[in-house]
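Trainee: TSV, C-alpha atoms and all ligand atoms, saved as final12.tsv, coming up:
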```tsv
chain	number	residue	atom	x	y	z
A	3	MET	CA	-85.42	-16.63	22.96
A	4	ALA	CA	-88.91	-18.00	22.67
A	5	LYS	CA	-91.21	-16.78	25.39
A	6	VAL	CA	-93.72	-19.03	27.11
A	7	ARG	CA	-97.14	-18.17	28.38
A	8	GLY	CA	-99.05	-20.34	30.78
A	9	ALA	CA	-102.50	-20.51	32.24
A	10	VAL	CA	-104.23	-22.55	34.87
A	11	VAL	CA	-107.80	-23.70	35.26
A	12	VAL	CA	-108.90	-24.29	38.83
A	13	ASP	CA	-111.67	-26.70	39.80
A	14	ASN	CA	-113.34	-24.12	42.05
A	15	GLU	CA	-115.58	-26.64	43.77
A	16	GLY	CA	-112.78	-29.16	44.39
A	17	CYS	CA	-110.36	-26.58	45.80
A	18	LYS	CA	-109.99	-26.62	49.59
A	19	GLY	CA	-108.19	-23.27	49.83
A	20	CYS	CA	-105.11	-24.78	51.45
A	21	GLY	CA	-102.86	-22.19	49.81
A	22	LEU	CA	-100.06	-24.60	48.91
A	23	CYS	CA	-100.31	-23.66	45.23
A	24	VAL	CA	-100.07	-19.95	46.09
A	25	GLU	CA	-96.81	-20.67	47.95
A	26	ALA	CA	-95.45	-22.95	45.22
A	27	CYS	CA	-95.93	-20.49	42.36
A	28	PRO	CA	-92.60	-18.84	41.48
A	29	GLU	CA	-94.31	-16.03	39.54
A	30	ASP	CA	-96.82	-14.80	42.13
A	31	VAL	CA	-99.75	-15.66	39.87
A	32	LEU	CA	-102.18	-17.17	42.35
A	33	ARG	CA	-104.25	-15.90	45.26
A	34	LEU	CA	-107.02	-17.28	47.41
A	35	ASN	CA	-110.42	-15.80	46.62
A	36	ARG	CA	-112.31	-13.72	49.17
A	37	GLU	CA	-115.41	-15.60	48.05
A	38	VAL	CA	-115.96	-19.18	49.11
A	39	ASN	CA	-117.17	-22.16	47.11
A	40	SER	CA	-120.23	-24.20	48.10
A	41	ARG	CA	-118.09	-26.17	50.56
A	42	GLY	CA	-116.93	-22.99	52.30
A	43	TYR	CA	-113.38	-22.87	50.96
A	44	HIS	CA	-111.57	-19.80	49.63
A	45	TYR	CA	-110.67	-21.22	46.24
A	46	THR	CA	-107.63	-20.24	44.21
A	47	TYR	CA	-107.69	-17.96	41.22
A	48	MET	CA	-105.18	-16.27	38.92
A	49	GLU	CA	-104.63	-12.78	40.28
A	50	ASN	CA	-101.81	-12.07	37.81
A	51	PRO	CA	-102.60	-14.30	34.81
A	52	GLU	CA	-100.15	-12.56	32.51
A	53	GLN	CA	-97.26	-13.70	34.73
A	54	CYS	CA	-97.97	-17.44	34.44
A	55	ILE	CA	-95.19	-19.45	32.75
A	56	GLY	CA	-97.02	-22.78	32.85
A	57	CYS	CA	-94.37	-24.45	35.03
A	58	ALA	CA	-97.07	-26.61	36.69
A	59	ASN	CA	-95.57	-26.24	40.17
A	60	CYS	CA	-99.02	-25.32	41.48
A	61	GLY	CA	-100.59	-28.39	39.94
A	62	VAL	CA	-97.88	-30.71	41.26
A	63	VAL	CA	-98.27	-29.61	44.89
A	64	CYS	CA	-102.09	-29.49	44.93
A	65	PRO	CA	-103.25	-32.36	47.16
A	66	ASP	CA	-106.69	-32.29	45.58
A	67	THR	CA	-105.56	-32.21	41.95
A	68	CYS	CA	-107.66	-29.14	41.24
A	69	ILE	CA	-105.30	-27.40	38.85
A	70	THR	CA	-104.96	-28.06	35.13
A	71	VAL	CA	-102.03	-26.27	33.50
A	72	TYR	CA	-101.59	-25.09	29.91
A	73	ARG	CA	-98.48	-23.70	28.28
A	74	MET	CA	-97.52	-22.47	24.83
A	75	LYS	CA	-94.57	-20.76	23.18
A	76	ILE	CA	-95.25	-17.35	21.74
B	15	MET	CA	-103.23	-12.92	23.96
B	16	VAL	CA	-106.44	-14.04	25.59
B	17	LEU	CA	-106.70	-17.00	27.92
B	18	LYS	CA	-109.01	-18.95	25.65
B	19	ASP	CA	-106.21	-19.19	23.06
B	20	LEU	CA	-103.99	-20.76	25.68
B	21	ILE	CA	-106.47	-23.07	27.31
B	22	LYS	CA	-106.65	-25.68	24.57
B	23	PRO	CA	-106.02	-29.44	24.66
B	24	GLU	CA	-102.83	-29.14	22.60
B	25	ASN	CA	-101.30	-26.84	25.24
B	26	LEU	CA	-102.12	-29.11	28.19
B	27	VAL	CA	-99.05	-29.76	30.36
B	28	TYR	CA	-100.52	-30.93	33.63
B	29	GLY	CA	-103.86	-32.41	34.63
B	30	LYS	CA	-105.58	-35.14	36.56
B	31	SER	CA	-104.61	-38.72	35.77
B	32	LYS	CA	-107.32	-40.94	34.33
B	33	VAL	CA	-106.47	-43.49	37.01
B	34	GLN	CA	-107.56	-41.04	39.70
B	35	GLU	CA	-111.28	-41.22	40.47
B	36	ASP	CA	-113.28	-38.08	39.78
B	37	VAL	CA	-114.46	-37.58	43.36
B	38	TYR	CA	-113.54	-35.16	46.12
B	39	MET	CA	-111.22	-36.67	48.68
B	40	HIS	CA	-112.08	-36.58	52.38
B	41	TYR	CA	-108.58	-35.46	53.42
B	42	CYS	CA	-108.11	-32.18	55.27
B	43	PRO	CA	-107.01	-29.20	53.16
B	44	GLY	CA	-103.28	-29.41	52.40
B	45	CYS	CA	-102.83	-33.05	53.48
B	46	SER	CA	-99.83	-34.86	51.98
B	47	HIS	CA	-101.89	-38.01	51.41
B	48	GLY	CA	-103.56	-36.35	48.42
B	49	VAL	CA	-100.26	-35.58	46.71
B	50	VAL	CA	-99.03	-39.15	47.15
B	51	HIS	CA	-102.34	-40.56	45.84
B	52	LYS	CA	-101.98	-38.35	42.82
B	53	ILE	CA	-98.39	-39.41	42.11
B	54	LEU	CA	-99.34	-43.08	42.41
B	55	SER	CA	-102.26	-42.58	40.00
B	56	GLU	CA	-100.01	-40.83	37.49
B	57	LEU	CA	-97.39	-43.59	37.65
B	58	ILE	CA	-99.94	-46.40	37.33
B	59	GLU	CA	-101.25	-44.65	34.23
B	60	GLU	CA	-97.82	-43.90	32.75
B	61	LEU	CA	-96.55	-47.44	33.31
B	62	GLY	CA	-99.77	-48.94	31.91
B	63	ILE	CA	-100.31	-51.20	34.92
B	64	GLN	CA	-103.83	-50.22	35.98
B	65	GLU	CA	-105.25	-53.68	35.22
B	66	LYS	CA	-102.64	-55.54	37.24
B	67	THR	CA	-102.21	-53.25	40.22
B	68	VAL	CA	-103.57	-54.23	43.62
B	69	GLY	CA	-103.34	-51.81	46.53
B	70	VAL	CA	-103.69	-52.76	50.16
B	71	ALA	CA	-105.21	-49.89	52.14
B	72	PRO	CA	-104.47	-49.39	55.83
B	73	VAL	CA	-106.35	-48.28	58.88
B	74	GLY	CA	-105.72	-44.57	59.25
B	75	CYS	CA	-106.64	-41.53	57.21
B	76	ALA	CA	-105.87	-43.47	54.00
B	77	VAL	CA	-108.52	-46.06	54.83
B	78	PHE	CA	-110.61	-44.72	51.93
B	79	ALA	CA	-107.77	-44.89	49.39
B	80	TYR	CA	-109.87	-47.40	47.45
B	81	ASN	CA	-112.30	-44.62	46.62
B	82	TYR	CA	-109.63	-42.50	44.99
B	83	ILE	CA	-107.41	-44.64	42.79
B	84	ASP	CA	-109.16	-46.75	40.18
B	85	ILE	CA	-107.42	-50.10	40.69
B	86	ASP	CA	-108.19	-53.26	42.66
B	87	TRP	CA	-107.91	-52.82	46.40
B	88	GLN	CA	-108.02	-54.90	49.53
B	89	GLN	CA	-108.58	-53.37	52.95
B	90	ALA	CA	-106.36	-54.72	55.72
B	91	SER	CA	-106.85	-54.44	59.45
B	92	HIS	CA	-104.58	-52.09	61.36
B	93	GLY	CA	-100.91	-52.72	60.54
B	94	ARG	CA	-101.55	-55.96	58.68
B	95	ALA	CA	-101.23	-54.64	55.13
B	96	PRO	CA	-97.80	-56.27	54.53
B	97	ALA	CA	-99.19	-59.69	55.52
B	98	VAL	CA	-102.23	-59.25	53.25
B	99	ALA	CA	-100.00	-58.01	50.42
B	100	THR	CA	-97.77	-61.05	50.92
B	101	GLY	CA	-100.72	-63.34	50.28
B	102	ILE	CA	-101.88	-61.44	47.22
B	103	SER	CA	-98.45	-61.17	45.61
B	104	ARG	CA	-97.69	-64.85	46.23
B	105	MET	CA	-100.99	-65.98	44.74
B	106	TYR	CA	-100.82	-63.52	41.85
B	107	PRO	CA	-97.12	-63.06	41.16
B	108	GLU	CA	-97.78	-61.27	37.88
B	109	ASN	CA	-99.67	-58.50	39.62
B	110	PHE	CA	-98.13	-55.37	41.02
B	111	VAL	CA	-98.97	-55.24	44.72
B	112	PHE	CA	-98.35	-52.36	47.11
B	113	THR	CA	-99.27	-51.38	50.63
B	114	TYR	CA	-100.07	-47.81	51.61
B	115	GLN	CA	-99.56	-47.22	55.32
B	116	GLY	CA	-99.28	-44.48	57.91
B	117	ASP	CA	-96.68	-44.36	60.64
B	118	GLY	CA	-99.04	-45.50	63.39
B	119	ASP	CA	-100.13	-48.35	61.17
B	120	LEU	CA	-96.69	-49.39	59.95
B	121	ALA	CA	-94.29	-48.51	62.76
B	122	SER	CA	-96.49	-49.27	65.77
B	123	ILE	CA	-99.28	-51.83	65.57
B	124	GLY	CA	-97.87	-53.31	62.36
B	125	ALA	CA	-94.18	-53.24	63.31
B	126	GLY	CA	-94.01	-57.04	63.28
B	127	GLU	CA	-95.69	-57.45	59.90
B	128	ILE	CA	-93.56	-54.91	58.09
B	129	MET	CA	-90.34	-56.25	59.57
B	130	HIS	CA	-91.03	-59.82	58.45
B	131	ALA	CA	-92.37	-58.88	55.02
B	132	CYS	CA	-89.20	-56.86	54.38
B	133	ASN	CA	-87.03	-59.63	55.80
B	134	ARG	CA	-88.67	-62.19	53.53
B	135	GLY	CA	-88.19	-59.84	50.63
B	136	GLU	CA	-91.80	-60.03	49.51
B	137	ASN	CA	-92.16	-58.68	46.03
B	138	ILE	CA	-94.19	-55.63	47.00
B	139	LEU	CA	-93.93	-51.86	47.25
B	140	VAL	CA	-94.48	-50.30	50.65
B	141	VAL	CA	-95.55	-46.65	50.65
B	142	PHE	CA	-95.02	-45.30	54.14
B	143	ILE	CA	-96.58	-41.95	55.04
B	144	ASN	CA	-94.71	-40.53	58.03
B	145	ASN	CA	-96.59	-37.56	59.44
B	146	GLY	CA	-95.25	-38.06	62.95
B	147	ILE	CA	-98.62	-38.77	64.58
B	148	TYR	CA	-101.77	-40.87	64.48
B	149	GLY	CA	-103.70	-38.58	62.16
B	150	MET	CA	-107.12	-40.14	61.92
B	151	THR	CA	-107.76	-40.64	65.61
B	152	GLY	CA	-106.85	-37.11	66.69
B	153	GLY	CA	-103.11	-36.60	66.59
B	154	GLN	CA	-101.79	-38.97	69.24
B	155	MET	CA	-98.08	-39.77	69.60
B	156	ALA	CA	-96.71	-42.33	67.13
B	157	PRO	CA	-93.33	-44.11	67.23
B	158	THR	CA	-92.11	-41.47	64.76
B	159	THR	CA	-93.14	-38.45	66.88
B	160	LEU	CA	-90.11	-36.20	67.35
B	161	GLU	CA	-88.54	-35.60	70.74
B	162	GLY	CA	-90.32	-32.68	72.39
B	163	MET	CA	-93.13	-32.72	69.81
B	164	VAL	CA	-96.51	-31.79	71.23
B	165	THR	CA	-99.30	-34.23	70.40
B	166	SER	CA	-102.68	-34.90	72.00
B	167	THR	CA	-101.12	-37.62	74.17
B	168	THR	CA	-97.86	-35.75	74.84
B	169	PRO	CA	-99.23	-32.30	75.72
B	170	THR	CA	-95.86	-31.20	77.09
B	171	GLY	CA	-93.89	-32.78	74.27
B	172	ARG	CA	-92.52	-36.29	73.74
B	173	ASN	CA	-90.30	-37.24	76.62
B	174	VAL	CA	-87.82	-39.86	75.45
B	175	ASP	CA	-87.26	-41.21	78.96
B	176	LEU	CA	-90.93	-41.96	79.22
B	177	ASN	CA	-91.91	-42.59	75.58
B	178	GLY	CA	-88.74	-43.82	73.91
B	179	TYR	CA	-87.02	-42.32	70.91
B	180	PRO	CA	-88.46	-41.39	67.52
B	181	MET	CA	-88.02	-44.47	65.39
B	182	LYS	CA	-86.24	-44.30	62.03
B	183	ILE	CA	-88.07	-47.34	60.77
B	184	THR	CA	-86.99	-46.83	57.18
B	185	ASN	CA	-83.31	-47.13	58.16
B	186	LEU	CA	-84.16	-50.31	60.05
B	187	MET	CA	-85.87	-51.78	56.97
B	188	ALA	CA	-82.78	-50.96	54.90
B	189	GLN	CA	-80.80	-53.29	57.16
B	190	LEU	CA	-82.94	-56.26	56.15
B	191	PRO	CA	-81.61	-58.25	53.19
B	192	GLY	CA	-85.08	-58.65	51.64
B	193	THR	CA	-85.32	-55.00	50.70
B	194	SER	CA	-83.77	-53.84	47.45
B	195	TYR	CA	-84.65	-50.17	47.28
B	196	VAL	CA	-85.24	-48.04	50.36
B	197	THR	CA	-85.66	-44.30	50.15
B	198	ARG	CA	-87.07	-41.34	52.04
B	199	GLN	CA	-88.81	-38.58	50.14
B	200	ALA	CA	-91.25	-35.71	50.69
B	201	VAL	CA	-93.93	-33.87	48.69
B	202	HIS	CA	-94.04	-30.43	50.31
B	203	THR	CA	-92.58	-28.56	47.34
B	204	ALA	CA	-92.94	-29.10	43.61
B	205	ALA	CA	-89.28	-30.16	43.37
B	206	ALA	CA	-89.64	-32.65	46.23
B	207	ALA	CA	-92.86	-34.06	44.75
B	208	ARG	CA	-91.24	-34.53	41.34
B	209	LYS	CA	-88.30	-36.29	42.97
B	210	CYS	CA	-90.65	-38.46	45.01
B	211	LYS	CA	-92.38	-39.43	41.79
B	212	ARG	CA	-89.06	-40.56	40.27
B	213	SER	CA	-88.34	-42.64	43.38
B	214	LEU	CA	-91.77	-44.23	43.36
B	215	LYS	CA	-91.35	-45.01	39.68
B	216	LYS	CA	-88.07	-46.78	40.34
B	217	ALA	CA	-89.64	-48.66	43.25
B	218	ILE	CA	-92.55	-49.84	41.10
B	219	GLU	CA	-90.17	-50.92	38.32
B	220	ASN	CA	-88.15	-52.92	40.87
B	221	VAL	CA	-91.28	-54.76	41.97
B	222	LEU	CA	-92.26	-55.42	38.35
B	223	ALA	CA	-88.74	-56.83	37.84
B	224	LYS	CA	-89.26	-59.02	40.95
B	225	LYS	CA	-86.38	-57.53	42.88
B	226	GLY	CA	-87.93	-57.93	46.34
B	227	THR	CA	-89.32	-55.31	48.64
B	228	SER	CA	-89.16	-51.63	47.76
B	229	PHE	CA	-89.82	-49.24	50.62
B	230	VAL	CA	-90.62	-45.57	50.06
B	231	GLU	CA	-91.13	-43.33	53.06
B	232	VAL	CA	-92.77	-39.97	52.41
B	233	VAL	CA	-92.13	-37.46	55.20
B	234	SER	CA	-95.53	-35.80	55.37
B	235	THR	CA	-97.58	-33.19	57.14
B	236	CYS	CA	-100.79	-33.60	59.08
B	237	ASN	CA	-101.57	-29.94	59.50
B	238	SER	CA	-104.87	-30.53	61.34
B	239	GLY	CA	-103.19	-32.88	63.78
B	240	TRP	CA	-100.24	-30.53	64.18
B	241	LYS	CA	-102.70	-27.64	64.61
B	242	MET	CA	-101.09	-25.45	61.97
B	243	THR	CA	-102.06	-24.03	58.61
B	244	PRO	CA	-100.99	-26.17	55.63
B	245	VAL	CA	-98.30	-23.64	54.68
B	246	ALA	CA	-96.97	-23.42	58.26
B	247	ALA	CA	-96.98	-27.22	58.51
B	248	ASN	CA	-94.73	-27.46	55.46
B	249	ILE	CA	-92.29	-24.99	57.01
B	250	TRP	CA	-92.39	-26.82	60.36
B	251	MET	CA	-91.76	-30.11	58.60
B	252	GLU	CA	-88.79	-28.70	56.77
B	253	MET	CA	-87.30	-27.25	59.94
B	254	ASN	CA	-88.01	-30.16	62.30
B	255	MET	CA	-88.90	-33.40	60.54
B	256	ILE	CA	-86.41	-33.40	57.68
B	257	PRO	CA	-83.30	-32.83	59.85
B	258	TYR	CA	-84.22	-35.98	61.81
B	259	TYR	CA	-85.57	-37.88	58.82
B	260	PRO	CA	-83.21	-36.75	56.05
B	261	LEU	CA	-84.36	-37.20	52.48
B	262	GLY	CA	-82.63	-39.40	49.92
B	263	ASP	CA	-81.94	-43.00	49.01
B	264	ILE	CA	-80.87	-45.18	51.94
B	265	LYS	CA	-80.37	-48.38	49.99
B	266	ASP	CA	-80.23	-49.16	46.31
B	267	SER	CA	-79.16	-52.77	45.97
B	268	VAL	CA	-80.62	-56.16	45.13
B	269	LYS	CA	-82.54	-58.60	47.28
B	270	GLY	CA	-80.07	-60.56	49.41
B	271	GLY	CA	-77.30	-58.26	48.27
B	272	HIS	CA	-75.01	-56.04	50.22
B	273	ILE	CA	-76.49	-53.31	52.31
B	274	ILE	CA	-75.06	-50.11	50.98
B	275	GLU	CA	-76.17	-47.53	53.43
B	276	LYS	CA	-75.74	-44.05	52.14
C	1	LIG	C1	-106.86	-52.83	65.82
C	1	LIG	C2	-107.15	-51.37	65.82
C	1	LIG	N1	-106.61	-50.59	66.80
C	1	LIG	C3	-106.83	-49.26	66.80
C	1	LIG	C4	-107.60	-48.67	65.83
C	1	LIG	C5	-107.86	-47.17	65.87
C	1	LIG	N2	-107.13	-46.42	64.85
C	1	LIG	C6	-107.71	-46.04	63.71
C	1	LIG	S1	-106.71	-45.09	62.76
C	1	LIG	C7	-105.46	-45.20	63.89
C	1	LIG	C8	-104.15	-44.48	63.71
C	1	LIG	C9	-103.65	-44.35	62.31
C	1	LIG	O1	-102.54	-43.53	62.29
C	1	LIG	P1	-101.47	-43.59	61.12
C	1	LIG	O2	-101.20	-45.00	60.76
C	1	LIG	O3	-100.30	-42.77	61.53
C	1	LIG	O4	-102.19	-42.95	59.85
C	1	LIG	P2	-102.70	-41.48	59.55
C	1	LIG	O5	-104.12	-41.44	60.01
C	1	LIG	O6	-101.82	-40.51	60.30
C	1	LIG	O7	-102.58	-41.33	58.06
C	1	LIG	C10	-105.85	-45.96	64.99
C	1	LIG	C11	-105.02	-46.21	66.17
C	1	LIG	C12	-108.17	-49.51	64.85
C	1	LIG	N3	-108.94	-49.01	63.85
C	1	LIG	N4	-107.92	-50.85	64.86
C	2	LIG	S1	-98.07	-22.87	36.18
C	2	LIG	FE1	-96.31	-22.09	37.38
C	2	LIG	S2	-96.32	-19.90	36.95
C	2	LIG	FE2	-98.36	-20.65	36.36
C	2	LIG	S3	-99.65	-20.37	38.15
C	2	LIG	FE3	-98.82	-22.47	38.25
C	2	LIG	S4	-96.97	-22.27	39.50
C	2	LIG	FE4	-97.50	-20.20	38.83
C	3	LIG	S1	-103.25	-26.41	46.31
C	3	LIG	FE1	-105.18	-27.15	45.35
C	3	LIG	S2	-106.67	-27.30	47.04
C	3	LIG	FE2	-104.92	-26.07	47.79
C	3	LIG	S3	-105.55	-23.93	47.37
C	3	LIG	FE3	-104.38	-24.60	45.59
C	3	LIG	S4	-105.90	-25.40	44.13
C	3	LIG	FE4	-106.90	-25.25	46.13
```
Render the structure in this file as structure tokens.
Mentor:
Amino acid sequence: MAKVRGAVVVDNEGCKGCGLCVEACPEDVLRLNREVNSRGYHYTYMENPEQCIGCANCGVVCPDTCITVYRMKI
Amino acid sequence: MVLKDLIKPENLVYGKSKVQEDVYMHYCPGCSHGVVHKILSELIEELGIQEKTVGVAPVGCAVFAYNYIDIDWQQASHGRAPAVATGISRMYPENFVFTYQGDGDLASIGAGEIMHACNRGENILVVFINNGIYGMTGGQMAPTTLEGMVTSTTPTGRNVDLNGYPMKITNLMAQLPGTSYVTRQAVHTAAAARKCKRSLKKAIENVLAKKGTSFVEVVSTCNSGWKMTPVAANIWMEMNMIPYYPLGDIKDSVKGGHIIEK
């Protein structure tokens, strides 16, 4: 079976740290940063990037459309 | 494998629609409005209707919708979006016209307008954001507020003897012969948001095919107004709102046709 790898790019400045993407991720990839962006929000980052399958669940639930998702078969 | 091999245009599977303006939205973190704006932008792009789409923005948190979706907009006064949309769609029948309204806007001050637009079967889409309160003004009780729900004007919970019952306005609209497609959706999970997108697509296609009024309720959260975190608000919505406002199609018929209530 072909394996897929995914990756996300977060718009750090647009992110409002709501955490909905962290909840929506089935692979426990995302976390909220301890650091804040210039607007004071704890923006999302990939804590476990190797686990991402590129399902785009995080992108779909993000109210601020901050997540771009990439996926490829390997 | 390194991330830079993955992050390439040919591997892109999800990103921001070109129809969505490249600005930060004013909505509170985690607000459902943003997800619905995004779905509408994606559909307008996918259906290639950007040039002929006209939105009518409400009074409420979505008052600035015209800053976020790159289409023609008209602002309506509180609750009057269906009347304004009626005028636009009658004068420009080839355009795709929709209203975007909150529950205070649609079910309270604009209850008359929405009822008559749906009864006339105006060829418009109504997007109805039901977050159970008046979000913009500080979380006051709306017609849709659940029994016992604490709001800034019902600090001990909605008392139905005093305040009446939570209104299932979408079911009422399904009873009117002018509506062709009436559905209730949500966007709190990826699965729900994808389903909501399919429903909105069908609703838009119905309007393009001149089938009368399509009405899409989105059961939503207003986590600031509910005084919860965004994640807790989603859980609360699932446990409290959705049992009273169950998701799914309520009517899928034709204008003037039989009311098939599911
Ligand atoms: C004629 C009129 N009456 C009252 C108001 C005050 N007002 C502004 S927003 C709003 C409530 C909007 O609530 P809702 O429609 O539920 O939308 P939300 O903000 O929750 O998205 C009210 C009462 C107004 N702007 N105009
Ligand atoms: S694409 Fe899917 S697996 Fe990857 S971070 Fe987003 S939700 Fe998680
Ligand atoms: S859902 Fe969007 S705004 Fe919310 S934390 Fe994730 S990336 Fe940030």
Trainee: Have a look at B:Thr113, B:Asn254, B:Thr243, B:Thr193 and name the one nearest to chain A; count only C-alpha atoms.
Mentor: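 Residue with the minimum atom-to-atom distance to chain A: B:Thr243.
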Trainee: Provide the CA of Ile256 in chain B to atom S1 of ligand LIG 1 (chain C) distance in Å, to one decimal place.
Mentor: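 Atom-to-atom, CA of Ile256 in chain B and atom S1 of ligand LIG 1 (chain C) are spaced 24.0 Å apart.
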Trainee: Given all atoms listed in the file as the basis, pick out the residue of B:Leu26, B:Ile249, B:Val111, B:Cys236 nearest to chain A.
Mentor: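 Smallest separation from chain A among the options: B:Leu26.
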Trainee: Hey, which residues come within 7 Å of ligand LIG 3 (chain C) if we count only C-alpha atoms and all ligand atoms? Could you give them as a PyMOL selection string?
Mentor: (chain A and resi 12+16-24+34+45-46+60+63-69) or (chain B and resi 43-44)
Trainee: Could you list the protein, DNA and RNA residues that have any atom within 7 Å of ligand LIG 2 (chain C), counting all atoms listed in the file, and write them as a PyMOL selection string?
Mentor: chain A and resi 8-10+23+26-32+48+53-61+71
Trainee: Output C-alpha atoms for every residue in the selection just made, as a CSV table (one decimal), in the coordinates of the input.
Mentor:
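Below is the file out_10.csv, written as the result:
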```
chain,number,residue,atom,x,y,z
A,8,GLY,CA,-99.0,-20.3,30.8
A,9,ALA,CA,-102.5,-20.5,32.2
A,10,VAL,CA,-104.2,-22.6,34.9
A,23,CYS,CA,-100.3,-23.7,45.2
A,26,ALA,CA,-95.4,-23.0,45.2
A,27,CYS,CA,-95.9,-20.5,42.4
A,28,PRO,CA,-92.6,-18.8,41.5
A,29,GLU,CA,-94.3,-16.0,39.5
A,30,ASP,CA,-96.8,-14.8,42.1
A,31,VAL,CA,-99.8,-15.7,39.9
A,32,LEU,CA,-102.2,-17.2,42.4
A,48,MET,CA,-105.2,-16.3,38.9
A,53,GLN,CA,-97.3,-13.7,34.7
A,54,CYS,CA,-98.0,-17.4,34.4
A,55,ILE,CA,-95.2,-19.4,32.8
A,56,GLY,CA,-97.0,-22.8,32.8
A,57,CYS,CA,-94.4,-24.4,35.0
A,58,ALA,CA,-97.1,-26.6,36.7
A,59,ASN,CA,-95.6,-26.2,40.2
A,60,CYS,CA,-99.0,-25.3,41.5
A,61,GLY,CA,-100.6,-28.4,39.9
A,71,VAL,CA,-102.0,-26.3,33.5
```
Trainee: Leaving out Glu127 in chain B and any residue of its chain fewer than 2 positions from it, which residues lie within 10 Å of it when counting only C-alpha atoms, given as a list in words?
Mentor: Gly93, Arg94, Ala95, Pro96, Ala97, Val98, Thr100, Leu120, Ala121, Ile123, Gly124, Ala125, Met129, His130, Ala131, Cys132 and Asn133 of chain B
Trainee: Do you know which residues are within 10 Å of ligand LIG 1 (chain C) using only C-alpha atoms and all ligand atoms? Can you write them as a PyMOL selection string?
Mentor: chain B and resi 41+45-47+72-77+91-94+114-124+142-159+234-236+239
Trainee: Hey, list the chain B side of the contact with chain A: 9 Å cut-off, all atoms listed in the file, answer as a PDB file with C-alpha atoms, in the coordinates of the input.
Mentor:
```pdb
ATOM      1  CA  LEU B  17    -106.700 -17.000  27.920  1.00  0.00           C
ATOM      2  CA  LEU B  20    -103.990 -20.760  25.680  1.00  0.00           C
ATOM      3  CA  ILE B  21    -106.470 -23.070  27.310  1.00  0.00           C
ATOM      4  CA  LYS B  22    -106.650 -25.680  24.570  1.00  0.00           C
ATOM      5  CA  PRO B  23    -106.020 -29.440  24.660  1.00  0.00           C
ATOM      6  CA  GLU B  24    -102.830 -29.140  22.600  1.00  0.00           C
ATOM      7  CA  ASN B  25    -101.300 -26.840  25.240  1.00  0.00           C
ATOM      8  CA  LEU B  26    -102.120 -29.110  28.190  1.00  0.00           C
ATOM      9  CA  VAL B  27     -99.050 -29.760  30.360  1.00  0.00           C
ATOM     10  CA  TYR B  28    -100.520 -30.930  33.630  1.00  0.00           C
ATOM     11  CA  GLY B  29    -103.860 -32.410  34.630  1.00  0.00           C
ATOM     12  CA  LYS B  30    -105.580 -35.140  36.560  1.00  0.00           C
ATOM     13  CA  VAL B  37    -114.460 -37.580  43.360  1.00  0.00           C
ATOM     14  CA  TYR B  38    -113.540 -35.160  46.120  1.00  0.00           C
ATOM     15  CA  MET B  39    -111.220 -36.670  48.680  1.00  0.00           C
ATOM     16  CA  TYR B  41    -108.580 -35.460  53.420  1.00  0.00           C
ATOM     17  CA  CYS B  42    -108.110 -32.180  55.270  1.00  0.00           C
ATOM     18  CA  PRO B  43    -107.010 -29.200  53.160  1.00  0.00           C
ATOM     19  CA  GLY B  44    -103.280 -29.410  52.400  1.00  0.00           C
ATOM     20  CA  CYS B  45    -102.830 -33.050  53.480  1.00  0.00           C
ATOM     21  CA  SER B  46     -99.830 -34.860  51.980  1.00  0.00           C
ATOM     22  CA  HIS B  47    -101.890 -38.010  51.410  1.00  0.00           C
ATOM     23  CA  GLY B  48    -103.560 -36.350  48.420  1.00  0.00           C
ATOM     24  CA  VAL B  49    -100.260 -35.580  46.710  1.00  0.00           C
ATOM     25  CA  VAL B  50     -99.030 -39.150  47.150  1.00  0.00           C
ATOM     26  CA  HIS B  51    -102.340 -40.560  45.840  1.00  0.00           C
ATOM     27  CA  LYS B  52    -101.980 -38.350  42.820  1.00  0.00           C
ATOM     28  CA  ILE B  53     -98.390 -39.410  42.110  1.00  0.00           C
ATOM     29  CA  VAL B 201     -93.930 -33.870  48.690  1.00  0.00           C
ATOM     30  CA  HIS B 202     -94.040 -30.430  50.310  1.00  0.00           C
ATOM     31  CA  THR B 203     -92.580 -28.560  47.340  1.00  0.00           C
ATOM     32  CA  ALA B 204     -92.940 -29.100  43.610  1.00  0.00           C
ATOM     33  CA  ALA B 205     -89.280 -30.160  43.370  1.00  0.00           C
ATOM     34  CA  ALA B 207     -92.860 -34.060  44.750  1.00  0.00           C
ATOM     35  CA  ARG B 208     -91.240 -34.530  41.340  1.00  0.00           C
ATOM     36  CA  THR B 243    -102.060 -24.030  58.610  1.00  0.00           C
ATOM     37  CA  PRO B 244    -100.990 -26.170  55.630  1.00  0.00           C
ATOM     38  CA  VAL B 245     -98.300 -23.640  54.680  1.00  0.00           C
ATOM     39  CA  ASN B 248     -94.730 -27.460  55.460  1.00  0.00           C
TER      40      ASN B 248
END
```
Trainee: May I have the residues within 8 Å of Tyr259 in chain B as a PyMOL selection string, using only C-alpha atoms and disregarding those fewer than 6 positions away in the same chain?
Mentor: chain B and resi 182+198+233
